[in-house]
Amino acid sequence: MGELKFHYTVHTSLDVVEEKISGVGKALADQRELYLGLLYPTEDYKVYGYVTNSKVKFVIVVDSSNTSLRDNEIRSMFRKLHNSFTDVMCNPFYNPGDPIQSKAFDSIVSTMMVQAC
């Protein structure tokens, strides 16, 4: 049951991302803040969001009991994730839509997961 609740929380958070993106005017779309902040707090998790200029959405889920992570640290994690994702997309051997199989990307994500614990 916990896994189903987790998936529900993430999907609900993606709906919040869509609301925030559509709430920004078309003229301001290029200047908007990429970091969307806390999207969906629950008893168990805090869900943060980030969207790139090309509308790629990133979501980070943190255990609610983790009070050591500050907002600026979450923002920094998203920047690292975005930079690593950009490196993968710029690889001429990567086909968009394929699963990401980059050891560098995996390493950065794994480091962030350990840091968040």
# chains A, B, ... in the order shown; residues from 1 in each chain; ligands from 1
call {"tool": "select_by_dssp", "arguments": {"residues": "chain A", "states": "strand (DSSP E)", "output": "VMD selection string"}}
result
chain A and resid 35 to 41 45 to 51 57 to 63
call {"tool": "write_last_selection", "arguments": {"atoms": "N, CA, C and O atoms", "output": "mmCIF file, in the first residue's frame"}}
result
data_model
loop_
_atom_site.group_PDB
_atom_site.id
_atom_site.type_symbol
_atom_site.label_atom_id
_atom_site.label_comp_id
_atom_site.auth_asym_id
_atom_site.auth_seq_id
_atom_site.Cartn_x
_atom_site.Cartn_y
_atom_site.Cartn_z
ATOM 1 N N TYR A 35 13.063 26.640 -10.450
ATOM 2 C CA TYR A 35 12.779 25.934 -9.210
ATOM 3 C C TYR A 35 11.370 26.294 -8.755
ATOM 4 O O TYR A 35 11.041 27.468 -8.592
ATOM 5 N N LEU A 36 10.527 25.306 -8.564
ATOM 6 C CA LEU A 36 9.134 25.553 -8.196
ATOM 7 C C LEU A 36 8.881 25.450 -6.695
ATOM 8 O O LEU A 36 7.800 25.783 -6.232
ATOM 9 N N GLY A 37 9.860 24.968 -5.950
ATOM 10 C CA GLY A 37 9.717 24.888 -4.500
ATOM 11 C C GLY A 37 8.915 23.682 -4.050
ATOM 12 O O GLY A 37 8.737 22.710 -4.779
ATOM 13 N N LEU A 38 8.411 23.778 -2.827
ATOM 14 C CA LEU A 38 7.637 22.692 -2.233
ATOM 15 C C LEU A 38 6.299 22.590 -2.956
ATOM 16 O O LEU A 38 5.539 23.550 -3.019
ATOM 17 N N LEU A 39 6.034 21.416 -3.512
ATOM 18 C CA LEU A 39 4.814 21.220 -4.293
ATOM 19 C C LEU A 39 3.706 20.579 -3.488
ATOM 20 O O LEU A 39 2.552 20.985 -3.555
ATOM 21 N N TYR A 40 4.063 19.551 -2.743
ATOM 22 C CA TYR A 40 3.021 18.712 -2.144
ATOM 23 C C TYR A 40 3.538 18.077 -0.856
ATOM 24 O O TYR A 40 4.092 16.987 -0.882
ATOM 25 N N PRO A 41 3.357 18.747 0.269
ATOM 26 C CA PRO A 41 3.777 18.131 1.530
ATOM 27 C C PRO A 41 2.706 17.166 2.051
ATOM 28 O O PRO A 41 1.513 17.444 1.956
ATOM 29 N N TYR A 45 6.043 12.561 3.222
ATOM 30 C CA TYR A 45 6.996 13.085 2.247
ATOM 31 C C TYR A 45 6.811 14.586 2.020
ATOM 32 O O TYR A 45 5.729 15.125 2.228
ATOM 33 N N LYS A 46 7.900 15.190 1.545
ATOM 34 C CA LYS A 46 7.850 16.546 1.007
ATOM 35 C C LYS A 46 8.297 16.420 -0.447
ATOM 36 O O LYS A 46 9.342 15.838 -0.722
ATOM 37 N N VAL A 47 7.506 16.950 -1.367
ATOM 38 C CA VAL A 47 7.801 16.824 -2.781
ATOM 39 C C VAL A 47 8.137 18.206 -3.336
ATOM 40 O O VAL A 47 7.346 19.138 -3.191
ATOM 41 N N TYR A 48 9.312 18.308 -3.953
ATOM 42 C CA TYR A 48 9.784 19.560 -4.536
ATOM 43 C C TYR A 48 9.812 19.408 -6.051
ATOM 44 O O TYR A 48 10.000 18.311 -6.566
ATOM 45 N N GLY A 49 9.669 20.537 -6.756
ATOM 46 C CA GLY A 49 9.614 20.473 -8.203
ATOM 47 C C GLY A 49 10.532 21.463 -8.891
ATOM 48 O O GLY A 49 10.922 22.483 -8.324
ATOM 49 N N TYR A 50 10.843 21.132 -10.128
ATOM 50 C CA TYR A 50 11.732 21.932 -10.972
ATOM 51 C C TYR A 50 11.338 21.642 -12.404
ATOM 52 O O TYR A 50 11.037 20.496 -12.748
ATOM 53 N N VAL A 51 11.303 22.662 -13.234
ATOM 54 C CA VAL A 51 10.974 22.456 -14.640
ATOM 55 C C VAL A 51 11.985 23.217 -15.489
ATOM 56 O O VAL A 51 12.359 24.337 -15.154
ATOM 57 N N LYS A 57 10.363 17.982 -16.531
ATOM 58 C CA LYS A 57 10.021 18.146 -15.118
ATOM 59 C C LYS A 57 10.866 17.215 -14.258
ATOM 60 O O LYS A 57 10.998 16.036 -14.563
ATOM 61 N N PHE A 58 11.400 17.769 -13.182
ATOM 62 C CA PHE A 58 12.127 16.986 -12.188
ATOM 63 C C PHE A 58 11.377 17.083 -10.872
ATOM 64 O O PHE A 58 10.881 18.157 -10.513
ATOM 65 N N VAL A 59 11.304 15.980 -10.162
ATOM 66 C CA VAL A 59 10.657 15.950 -8.857
ATOM 67 C C VAL A 59 11.613 15.267 -7.888
ATOM 68 O O VAL A 59 12.189 14.226 -8.208
ATOM 69 N N ILE A 60 11.794 15.887 -6.728
ATOM 70 C CA ILE A 60 12.592 15.268 -5.666
ATOM 71 C C ILE A 60 11.662 15.034 -4.479
ATOM 72 O O ILE A 60 10.967 15.956 -4.041
ATOM 73 N N VAL A 61 11.652 13.807 -3.991
ATOM 74 C CA VAL A 61 10.817 13.435 -2.852
ATOM 75 C C VAL A 61 11.733 13.199 -1.663
ATOM 76 O O VAL A 61 12.678 12.412 -1.741
ATOM 77 N N VAL A 62 11.436 13.904 -0.572
ATOM 78 C CA VAL A 62 12.248 13.817 0.639
ATOM 79 C C VAL A 62 11.348 13.351 1.778
ATOM 80 O O VAL A 62 10.185 13.761 1.872
ATOM 81 N N ASP A 63 11.881 12.521 2.640
ATOM 82 C CA ASP A 63 11.144 12.072 3.814
ATOM 83 C C ASP A 63 10.813 13.285 4.686
ATOM 84 O O ASP A 63 11.676 14.122 4.938
#
call {"tool": "select_by_dssp", "arguments": {"residues": "stretch 68-111 of chain A", "states": "helix (DSSP H, G or I)", "output": "list in words"}}
result
Asp71, Asn72, Glu73, Ile74, Arg75, Ser76, Met77, Phe78, Arg79, Lys80, Leu81, His82, Asn83, Ser84, Phe85, Thr86, Asp87, Val88, Met89, Cys90, Lys103, Ala104, Phe105, Asp106, Ser107, Ile108, Val109, Ser110 and Thr111 of chain A
call {"tool": "closest_residue", "arguments": {"among": "A:Glu43, A:Phe78, A:Gln115, A:Glu33", "to": "A:Thr9", "atoms": "only C-alpha atoms"}}
result
A:Glu43
call {"tool": "atom_distance", "arguments": {"atom1": "atom CA of A:Leu81", "atom2": "atom CA of A:Ser64"}}
result
21.1 Å
call {"tool": "residues_around", "arguments": {"residues": "A:Phe6", "least_positions_apart": "4", "cutoff": "10 Å", "atoms": "only C-alpha atoms", "output": "PyMOL selection string"}}
result
chain A and resi 1-2+10-12+44-45+61
call {"tool": "closest_residue", "arguments": {"among": "A:Ser76, A:Thr86, A:Lys103, A:Met113", "to": "A:Val56", "atoms": "only C-alpha atoms"}}
result
A:Thr86
call {"tool": "atom_distance", "arguments": {"atom1": "atom CA of A:Ser22", "atom2": "atom CA of A:Gly97"}}
result
24.2 Å
